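Enquirer: Mind looking over this structure? Questions follow.
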Amino acid sequence: MKDHVQVCVIGGGVVGASVLYHLTKFGWKDVVLVERSELTSGSTWHAAGGFHTLNADTNMAALQGYTIKLYKELEEISGQACGLHHVGGLTIATDKDRLDFLRAERAKHRYMGLETEIVGPEEIAKLSPITNTDGILGALYDPLDGHLDPSGTTHAYAKAARMQGAEIYLRNRVLELKPTPDGHWDVVTEQGTIRAEKVVNAAGLWAREVGEMVGLQLPLHPMEHQYLVTGDIPEVYDRDRELPHVMDPAGESYLRQEGRGLVLGIYEQEAEPWAVDGTRWDFGHELLPDKLDRIAEPLEAAYRRYPCLERAGIKSVINGPFTFAPDGNPLVGPVPGLPGYWTACAVMAGFSQGGGVGLTLAEWMVEGEPTRDVFAMDVARFGDYCTKDYTRKTVVQNYQRRFAVSYPNEELPAGRPLNTTPAYGIWKARNGVFGHGYGMEVLNYIAPAGEEPFEIPSFRRSNAHDVVGAECRAVREAVGINEIHNFGKYELFGPAAEDFLNRIMGNRAPKPGRICLSPMLSRRGKLIGDFTMSCLDEGHYRLTASYAAQAFHMRWFLEHMPSDGLELTNISDSQIGFQIAGPKARELLSRVTRADVSNTGLPFLSVMRADVGGVPAVVARVSFTGDLGYEIYVDWRHQIALHDALMAAGADLGIRPFGMRAMMSLRLEKTFGAWLREYRPDFTAAECGLDRFIRFDKNEDFIGRAAAAAERESPPRMTLAAFTVEAADADVVADEPIFKDGAVIGFCTSGGYAHYVGKSVALGMIPREMAADGAAFEIEILGERRAATLFTEPLFDPRAERMRG
C-alpha cells in the first residue's frame, strides 16, 4: 500500500470508481481508492440500474447525458461489459400540469441536443403494449433511457482506472482522517496510513460518518427504497425487442424489463428514512425487511396501469437504502473551510449521474474548475443551516416528490420556517406569503386580507399575479419597502483589503464613500459572482451578493486570502434592514435622518453612515428595482425600530411593502440580470454584459484578466439580450428555446411579467450578430411558439433619470 498519494478516494461504489477513473483519464496516476469491504458493497449492488437524462437543471441533464454516452467507451477501454440496454423511456402524463411540465422539459432539450419528443397515447401503446393508456394525455419519450448491470459497470470503471495507473485497496476501512501541517491529510486505515494531498469522500451510505471524522455534518440522509422483480410474463418475453422504461409519476412508480419479467419500483409517500443515528460499519451486502404494506396503494395503481402484472408472480422484493441530499442532487466539490477535503456523495441516481460526477470532480481538481456551471450539485450550495433534523425532513420531502411536478413558483414546506428575521412576524401578521433560500424565509408578496396566504403552484400566471402588480405600481408611483436580508454580506477590514479586492474582483476597489458594481471571475474568465462593493473608510469595505451563494463565495475568498493584513467576516445575518424605492424614497429618507440625502449629499452609487429612525445605519444609494432607491443596513436588533420609523414617516407618502415577486418583475423592466440566471459560471462577463464593469488598467494580475482581455479582442459568439413576448397566460421562466427563422438559436435565462410597463419580458442568450433592436424571434412557452421582439433600451426609465436623479 502506498504511503503518499495525490488523491485518496474513499468508497468503492459506482461514484468512487468513476472519480478514480476520471482522475486517471485527466492524467493523475498517483491516485488510490480505499474500500471498507468489496466494490459495490453499499447502495450500488442492489440498485435497479436504470439511467435517464431527465433533470430540472439543464447542466445536470447534460452531465447525465455524458454519463450514458460514456458506457460504451468504458467497455472498450476496460474490456468489461456494462450490460447496456438502450431501450428508451416514457414519462407519462395523466393531467394537464404534468403535460405542461413535460413540454417545458422537451423545450429545454431542443438546445441541449437531446432527441426527446412528446408522444400521444397511440404511440405510447405501440412502444409499450403492456401499458394501459386510459387517462394518459401524452408522454415524453427519450431514446437514451435504459438500464445496465450495476456490478459490471462499477468493475468496468475500476478496471479502466487500474489500467491507467490507479490502485484499489479492498477490505480496508478508513478509521481516521487527520489534517497535516503541510495541508495534506493522513488517511488512517486498518492496513496503515496513507498521506494524501487530497481526499474524496465518496463513501455513499457512510458519507455522513466520513464527514464526521473531520467535524463536517453533510446534508444527506439514506432512505429506504423498494422495488419488485416479477416472474416470467408472456407479454414481456414474447416480443422481438425489449420494452422501454415507463415512469408513471401519478402512480409513483417506474417499470422496466428484466429478462423475461419486469422490475417495478415505487417512490411512495409513506417514505421511511433509514439509519437515522448513523450507518453501522458492518452493514453491506444485505437487504432490509420487506415492507409491502407501505407501497400497497401505488402497487394497486401499477396493477391498473400494467394489467399483465396481475398474472405475474413476485420473484423477489428488494428493499435497500440509498442517499439523498435535500434537493435530490449530489454533493460534489471542495468543502469550504477544509482545504484538500472533497466530496462526491449523495448521488442517488448513480448510474445516471456517476460519470458526470466523476468528470466534474476530475476537471475541478486537475484543471482548477469545471467546464460548466455545476452549482446545482456543488457541496457549497448548502450551509450550516442544514441541521440533521432539517436535512432529514427535506430529504423525506424530496423522496416523496421524486416524480412530482416541479412548478416554477412552488415553495416547498419541509423544515420551514427555519431562519427568520425580526420582521418576519410583521409580514406574517399582514398575511405575507413566503419563499425561502439558503434556510432563510423571504417575503414573496402580501396576500389580500381574507385570502389564504398561499400561492397556487402553476406553470401559468398564478393567483399572485394581480397583487404583485399592485406592489410593483406602489414602488413606481410612490414608495415601496422591502427587506434586504436576502443578500450575502461580507465585511473586509485591514491594510491588505484594497489589494485583496483588486486581486479577486474585475472592477477597481472603490474610494471611501463610493460604491461600484463588479463581476468576480474564475481563472478561465467565467462568472462566479456579481458584487456590489462599498467603501466605508480607508481599508474598510462591505460586499453584497447572492444570499444563496455564501458558502460558495466564502470558499473562494478563503482560497485567496492573504496571510495577514485582512479581517474578513460574513455579516449576512447580523446586518439586515430594508430598501426603500420609488419616486418618494428620498422624501421618506429625509424624514427619518438628519443626514444630507440630497442628490448632492448622497449621489447615486455612494454610501454613508447615518442615524436613520434613531438607530445607527449604513445607507447605500443603490436599488435592484432600477428606481430611485436606498438600501439601509442596521444591526439585526434594530430592524423593528427601523421598520416602525419608516412606516410611520411614509404613511402619507403611500408607502407599501413589496416582496421578491415584485422585485423580480421590476428588475426585468431594467433588464437587470440575476445570479444563477443571467449571471452564472456558464457565462463570461462579456457574454452577459458585465465586462463594462471590468477595469483592465487597475493591475495586471487580477484573477480572470487574461481570459476577459482575450474577449475584448475577439468577442464571444453569444450575448445576453432582452425581448418582449406576445405571451398568453404563461410567461418565460428559464431555459425555453429561442427560434429565428424556424431554427433554435438560443435559450432564455429568465423572464416573467413586467407589471408596471404591462409586458411579458424574457432575457436570454443568442448569437451576437442577431442582437439588433426590433429583431423578430420566437420563444417556445409550454409547447407553443410565441412571437418575441428584441429591445435594447430599458422599458422603464431608459436614461436612468429616476435612478440617478
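Residue numbers start at 1 in each chain; chains themselves are named A, B, ... in the order of the C-alpha cells; ligands are numbered from 1 in the order shown.
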Report as an NGL selection string all protein, DNA and RNA residues lying within 8 Å of range 162-173 of chain A, evaluated on only C-alpha atoms, omitting residues in the same chain fewer than 5 positions from it.
Expert: :A and (1 or 20-21 or 24-25 or 29-39 or 78 or 189-191)
Enquirer: Residues near Pro603 in chain A, anyone? I mean within 10 Å using only C-alpha atoms, not counting same-chain ones fewer than 5 positions away, as a CSV table (one decimal) with C-alpha atoms, in the first residue's frame.
Expert:
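Writing the result to out17.csv gives the following:
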chain,number,residue,atom,x,y,z
A,514,ARG,CA,-18.3,55.3,-3.0
A,597,VAL,CA,-29.5,62.7,1.5
A,598,SER,CA,-30.0,65.1,-1.4
A,620,ALA,CA,-26.3,52.9,0.2
A,621,ARG,CA,-27.7,54.8,-2.8
A,622,VAL,CA,-28.5,51.8,-5.0
A,804,ARG,CA,-29.6,58.6,-10.8
A,805,GLY,CA,-31.5,61.8,-10.2
Enquirer: If you count only C-alpha atoms, which residues fall within 12 Å of Arg712 in chain A, apart from same-chain ones fewer than 2 positions away, as a ChimeraX atom specification?
Expert: /A:684-687,691-692,694,696,705-710,714-716
Enquirer: Suppose we keep N, CA and C atoms; can you now write the selection as a CSV table (one decimal), in the first residue's frame?
Expert:
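What ended up in again_24.csv:
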chain,number,residue,atom,x,y,z
A,684,THR,N,-19.3,34.1,-19.4
A,684,THR,CA,-18.2,35.1,-19.2
A,684,THR,C,-18.9,36.5,-18.9
A,685,ALA,N,-18.1,37.4,-18.4
A,685,ALA,CA,-18.6,38.8,-18.2
A,685,ALA,C,-19.0,39.4,-19.5
A,686,ALA,N,-18.3,39.1,-20.6
A,686,ALA,CA,-18.6,39.7,-21.9
A,686,ALA,C,-19.9,39.1,-22.5
A,687,GLU,N,-20.2,37.9,-22.2
A,687,GLU,CA,-21.4,37.3,-22.7
A,687,GLU,C,-22.6,37.9,-22.0
A,691,ASP,N,-18.9,42.9,-18.6
A,691,ASP,CA,-17.5,43.4,-18.9
A,691,ASP,C,-17.3,44.9,-18.8
A,692,ARG,N,-18.5,45.6,-18.9
A,692,ARG,CA,-18.4,47.1,-18.7
A,692,ARG,C,-17.9,47.5,-17.4
A,694,ILE,N,-15.4,45.9,-15.8
A,694,ILE,CA,-14.0,45.4,-15.6
A,694,ILE,C,-13.1,46.6,-15.9
A,696,PHE,N,-9.4,47.1,-16.7
A,696,PHE,CA,-8.2,46.4,-17.1
A,696,PHE,C,-6.9,47.1,-16.7
A,705,ARG,N,-8.2,37.9,-15.6
A,705,ARG,CA,-7.9,39.1,-16.5
A,705,ARG,C,-7.5,38.6,-17.9
A,706,ALA,N,-6.7,37.6,-18.1
A,706,ALA,CA,-6.2,37.2,-19.4
A,706,ALA,C,-7.4,36.7,-20.2
A,707,ALA,N,-8.3,35.9,-19.6
A,707,ALA,CA,-9.5,35.4,-20.4
A,707,ALA,C,-10.4,36.6,-20.8
A,708,ALA,N,-10.6,37.5,-19.8
A,708,ALA,CA,-11.5,38.6,-20.1
A,708,ALA,C,-10.9,39.5,-21.2
A,709,ALA,N,-9.6,39.7,-21.1
A,709,ALA,CA,-8.9,40.6,-22.1
A,709,ALA,C,-9.0,40.0,-23.5
A,710,ALA,N,-8.9,38.7,-23.6
A,710,ALA,CA,-9.0,38.0,-24.9
A,710,ALA,C,-10.3,38.2,-25.5
A,714,SER,N,-11.5,39.4,-29.2
A,714,SER,CA,-12.4,38.5,-30.0
A,714,SER,C,-13.7,38.3,-29.2
A,715,PRO,N,-14.7,39.1,-29.4
A,715,PRO,CA,-15.9,39.0,-28.6
A,715,PRO,C,-16.5,37.6,-28.7
A,716,PRO,N,-17.1,37.1,-27.6
A,716,PRO,CA,-17.8,35.8,-27.6
A,716,PRO,C,-18.9,35.7,-28.6
Enquirer: Considering only C-alpha atoms, can you say which of A:Thr719, A:Thr91, A:Thr724, A:Asn482 comes closest to Val119 in chain A?
Expert: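 Closest to Val119 in chain A, using only C-alpha atoms: A:Thr91.
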Enquirer: Mind the document's chain letters and residue numbers, and return as a ChimeraX atom specification the residues of range 131-376 of chain A that DSSP labels helix (DSSP H, G or I).
Expert: /A:150-163,204-212,234-237,249-251,292-305,307-311,350-367,375-376
Enquirer: Would you list the contacts of range 153-157 of chain A as a list in words, taking every protein, DNA or RNA residue within 6 Å and counting only C-alpha atoms, but skipping same-chain residues closer than 5 positions in sequence?
Expert: Val14, Ala17, Ser18, Tyr21, Ser78, Gln80 and Cys82 of chain A
Enquirer: Could you write out the selected residues, including N, CA and C atoms, as a short mmCIF file (atom, residue, chain, number, x, y, z; two decimals), in the first residue's frame?
Expert:
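Okay, this is what ended up in again.cif:
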data_model
loop_
_atom_site.label_atom_id
_atom_site.label_comp_id
_atom_site.auth_asym_id
_atom_site.auth_seq_id
_atom_site.Cartn_x
_atom_site.Cartn_y
_atom_site.Cartn_z
N VAL A 14 -20.15 2.89 -7.36
CA VAL A 14 -20.00 3.36 -8.73
C VAL A 14 -19.46 4.78 -8.78
N ALA A 17 -15.62 4.75 -7.92
CA ALA A 17 -14.90 4.15 -9.05
C ALA A 17 -14.85 5.11 -10.23
N SER A 18 -15.93 5.85 -10.46
CA SER A 18 -15.96 6.84 -11.54
C SER A 18 -14.97 7.97 -11.27
N TYR A 21 -11.48 6.66 -11.97
CA TYR A 21 -11.25 6.53 -13.41
C TYR A 21 -11.01 7.89 -14.05
N SER A 78 -11.94 -0.95 -20.94
CA SER A 78 -11.73 -1.95 -19.89
C SER A 78 -11.88 -3.39 -20.37
N GLN A 80 -14.57 -4.82 -20.06
CA GLN A 80 -15.56 -5.30 -19.10
C GLN A 80 -16.95 -4.86 -19.55
N CYS A 82 -20.71 -3.68 -19.46
CA CYS A 82 -21.57 -2.94 -18.54
C CYS A 82 -23.01 -3.44 -18.57
#
Enquirer: Of the candidates A:Glu224, A:Asp277, A:Glu451, A:Glu235, which shows the shortest atom-to-atom distance to Gly265 in chain A, using only C-alpha atoms?
Expert: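 For Gly265 in chain A, the nearest of the candidates is A:Glu224.
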Enquirer: Might you pull out every residue within 10 Å of range 69-71 of chain A, with only C-alpha atoms counted and same-chain residues fewer than 3 positions away left off, and present them as a list in words?
Expert: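 Using only C-alpha atoms, the neighbours found are Leu63, Gln64, Gly65, Tyr66, Leu74, Glu75, Glu76, Ile77, Ala81, Cys82, Gly83, Leu84, Leu144, Leu148, Thr153, Ala156, Tyr157, Phe351, Gly355 and Gly356 of chain A.
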Enquirer: Counting only C-alpha atoms, which of A:Leu361, A:Val187, A:Val442, A:Leu543 gets nearest to Lys489 in chain A?
Expert: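 Among the listed residues, A:Leu543 lies closest to Lys489 in chain A.
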Enquirer: Tell me which protein, DNA and RNA residues are within 9 Å of range 664-679 of chain A, counting only C-alpha atoms, leaving out same-chain ones fewer than 6 positions away, and put them as number ranges by chain.
Expert: A: 375, 468-469, 472, 475-476, 527-530, 545-546, 549, 624-627, 685, 688, 690, 720-722, 734, 748-757, 759, 761-765, 793-798
Enquirer: Can you write out the residues you just picked, keeping N, CA and C atoms, as a compact mmCIF listing (two decimals), in the first residue's frame?
Expert:
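again_38.txt was written with the following content:
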# COMPACT_ATOMS: atom_id res chain seq x y z
N PHE A 375 -23.24 24.46 -10.05
CA PHE A 375 -23.73 24.89 -8.74
C PHE A 375 -24.84 23.99 -8.25
N VAL A 468 -49.18 41.21 -6.98
CA VAL A 468 -47.79 41.56 -7.28
C VAL A 468 -47.76 42.80 -8.18
N GLY A 469 -48.69 42.87 -9.12
CA GLY A 469 -48.78 44.05 -9.96
C GLY A 469 -49.03 45.31 -9.14
N CYS A 472 -45.85 46.36 -7.46
CA CYS A 472 -44.94 47.00 -8.42
C CYS A 472 -45.35 48.46 -8.67
N VAL A 475 -44.33 50.85 -5.91
CA VAL A 475 -42.93 51.25 -5.98
C VAL A 475 -42.74 52.33 -7.04
N ARG A 476 -43.27 52.12 -8.22
CA ARG A 476 -43.03 53.04 -9.33
C ARG A 476 -43.75 54.39 -9.14
N LEU A 527 -17.95 33.67 -14.85
CA LEU A 527 -18.53 34.49 -13.80
C LEU A 527 -18.82 33.66 -12.56
N ILE A 528 -18.24 34.02 -11.43
CA ILE A 528 -18.53 33.30 -10.19
C ILE A 528 -19.12 34.22 -9.11
N GLY A 529 -19.46 35.43 -9.51
CA GLY A 529 -20.15 36.33 -8.60
C GLY A 529 -20.39 37.68 -9.25
N ASP A 530 -21.51 38.32 -8.89
CA ASP A 530 -21.69 39.73 -9.25
C ASP A 530 -21.92 40.48 -7.95
N ALA A 545 -23.82 40.33 -2.31
CA ALA A 545 -24.04 39.44 -3.45
C ALA A 545 -25.21 38.52 -3.10
N SER A 546 -25.34 37.42 -3.81
CA SER A 546 -26.45 36.50 -3.58
C SER A 546 -26.36 35.85 -2.20
N ALA A 549 -25.37 32.13 -2.18
CA ALA A 549 -24.00 31.76 -2.59
C ALA A 549 -22.98 32.01 -1.48
N PHE A 624 -31.96 47.48 -6.70
CA PHE A 624 -32.15 46.47 -7.74
C PHE A 624 -33.47 46.67 -8.48
N THR A 625 -34.34 47.56 -7.96
CA THR A 625 -35.59 47.86 -8.67
C THR A 625 -35.35 48.74 -9.90
N GLY A 626 -34.19 49.38 -9.97
CA GLY A 626 -33.92 50.30 -11.07
C GLY A 626 -34.58 51.65 -10.91
N ASP A 627 -35.07 51.93 -9.71
CA ASP A 627 -35.73 53.20 -9.42
C ASP A 627 -34.86 53.99 -8.45
N ALA A 685 -18.06 37.40 -18.44
CA ALA A 685 -18.57 38.75 -18.22
C ALA A 685 -19.00 39.39 -19.53
N CYS A 688 -22.55 38.18 -20.74
CA CYS A 688 -23.73 38.67 -20.03
C CYS A 688 -23.69 40.17 -19.78
N LEU A 690 -21.44 42.15 -18.29
CA LEU A 690 -20.79 42.69 -17.10
C LEU A 690 -19.35 43.12 -17.38
N LEU A 720 -26.13 38.30 -24.13
CA LEU A 720 -27.41 38.40 -23.43
C LEU A 720 -28.28 39.44 -24.11
N ALA A 721 -29.53 39.10 -24.34
CA ALA A 721 -30.47 40.01 -25.00
C ALA A 721 -31.80 39.99 -24.25
N ALA A 722 -32.62 41.03 -24.48
CA ALA A 722 -33.93 41.16 -23.83
C ALA A 722 -35.01 41.21 -24.89
N ALA A 734 -37.42 30.03 -17.53
CA ALA A 734 -35.99 29.87 -17.83
C ALA A 734 -35.82 28.64 -18.71
N CYS A 748 -33.54 30.99 -23.16
CA CYS A 748 -33.88 32.00 -22.16
C CYS A 748 -33.16 31.72 -20.85
N THR A 749 -32.75 32.78 -20.20
CA THR A 749 -32.14 32.65 -18.88
C THR A 749 -33.16 32.94 -17.77
N SER A 750 -34.10 33.83 -18.04
CA SER A 750 -35.20 34.08 -17.09
C SER A 750 -36.24 34.94 -17.80
N GLY A 751 -37.31 35.19 -17.10
CA GLY A 751 -38.37 36.02 -17.67
C GLY A 751 -39.52 36.16 -16.71
N GLY A 752 -40.58 36.79 -17.17
CA GLY A 752 -41.75 36.99 -16.34
C GLY A 752 -42.58 38.16 -16.87
N TYR A 753 -43.51 38.58 -16.06
CA TYR A 753 -44.38 39.68 -16.46
C TYR A 753 -43.90 40.97 -15.80
N ALA A 754 -43.60 41.97 -16.61
CA ALA A 754 -43.18 43.28 -16.11
C ALA A 754 -44.44 44.12 -15.90
N HIS A 755 -44.90 44.18 -14.66
CA HIS A 755 -46.23 44.70 -14.37
C HIS A 755 -46.38 46.18 -14.67
N TYR A 756 -45.39 47.00 -14.35
CA TYR A 756 -45.59 48.43 -14.50
C TYR A 756 -45.70 48.84 -15.97
N VAL A 757 -44.89 48.20 -16.83
CA VAL A 757 -44.97 48.53 -18.26
C VAL A 757 -45.98 47.65 -18.98
N LYS A 759 -45.91 44.33 -19.88
CA LYS A 759 -45.40 43.48 -20.95
C LYS A 759 -44.78 42.21 -20.38
N VAL A 761 -41.78 39.77 -20.51
CA VAL A 761 -40.37 40.02 -20.84
C VAL A 761 -39.57 38.73 -20.67
N ALA A 762 -38.59 38.55 -21.54
CA ALA A 762 -37.67 37.42 -21.44
C ALA A 762 -36.25 37.92 -21.63
N LEU A 763 -35.32 37.33 -20.90
CA LEU A 763 -33.89 37.55 -21.11
C LEU A 763 -33.30 36.24 -21.59
N GLY A 764 -32.33 36.31 -22.48
CA GLY A 764 -31.77 35.07 -22.98
C GLY A 764 -30.50 35.27 -23.78
N MET A 765 -29.84 34.16 -24.09
CA MET A 765 -28.59 34.15 -24.85
C MET A 765 -28.86 33.83 -26.31
N GLU A 793 -33.14 49.09 -25.29
CA GLU A 793 -33.25 50.19 -24.33
C GLU A 793 -34.22 49.77 -23.24
N PRO A 794 -33.89 49.95 -21.95
CA PRO A 794 -34.79 49.53 -20.87
C PRO A 794 -36.20 50.06 -21.07
N LEU A 795 -37.18 49.25 -20.68
CA LEU A 795 -38.58 49.62 -20.85
C LEU A 795 -39.01 50.70 -19.87
N PHE A 796 -38.33 50.78 -18.73
CA PHE A 796 -38.62 51.80 -17.73
C PHE A 796 -37.39 52.68 -17.53
N ASP A 797 -37.60 53.97 -17.49
CA ASP A 797 -36.54 54.93 -17.20
C ASP A 797 -35.28 54.62 -18.03
N PRO A 798 -35.40 54.63 -19.37
CA PRO A 798 -34.30 54.18 -20.22
C PRO A 798 -33.01 54.96 -20.04
Enquirer: Just the number, please: distance in Å from CA of Gly333 in chain A to CA of Gly152 in chain A, one decimal.
Expert: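 So the two atoms, CA of Gly333 in chain A and CA of Gly152 in chain A, lie 26.5 Å apart.
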Enquirer: Here is a test: counting only C-alpha atoms, which residue of A:Arg372, A:Asp378, A:Ile194, A:Ile92 is nearest to Ile124 in chain A?
Expert: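 Nearest to Ile124 in chain A: A:Ile92.
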Enquirer: Would you mind telling me which residue in A:Gly437, A:Gly525, A:Asp731, A:Glu477 lies nearest to Met660 in chain A when using only C-alpha atoms?
Expert: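 Of A:Gly437, A:Gly525, A:Asp731, A:Glu477, the one nearest Met660 in chain A is A:Gly437, counting only C-alpha atoms.
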Enquirer: Would you list the contacts of Glu122 in chain A as a list in words, taking every protein, DNA or RNA residue within 12 Å and counting only C-alpha atoms, but skipping same-chain residues closer than 5 positions in sequence?
Expert: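 The neighbour list is Leu127, Ser128, Pro129, Thr131, Asn132, Thr133, Asp134, Ile136, Leu137, Gly138 and Ala139 of chain A.
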Enquirer: Give the answer as one residue: which of A:Gly368, A:Gly328, A:Gly629, A:Pro616 has the shortest atom-to-atom distance to Arg524 in chain A, using only C-alpha atoms?
Expert: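 Of A:Gly368, A:Gly328, A:Gly629, A:Pro616, the one nearest Arg524 in chain A is A:Gly368, counting only C-alpha atoms.
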Enquirer: Could you jot down the CA of Val317 in chain A to CA of Pro273 in chain A separation for me, Å, one decimal place?
Expert: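 Computing it gives 18.3 Å between the two atoms.
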Enquirer: Figure out the distance between CA of Gly49 in chain A and CA of Ile314 in chain A, please, to one decimal in Å.
Expert: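 CA of Gly49 in chain A lies at a distance of 18.8 Å from CA of Ile314 in chain A.
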Enquirer: Assign secondary structure with DSSP using the backbone only, and return the residues of range 446-641 of chain A in strand (DSSP E) as a PyMOL selection string.
Expert: chain A and resi 446+479-483+487-493+515-521+527-537+540-546+567-570+575-581+607-612+615-620+629-635
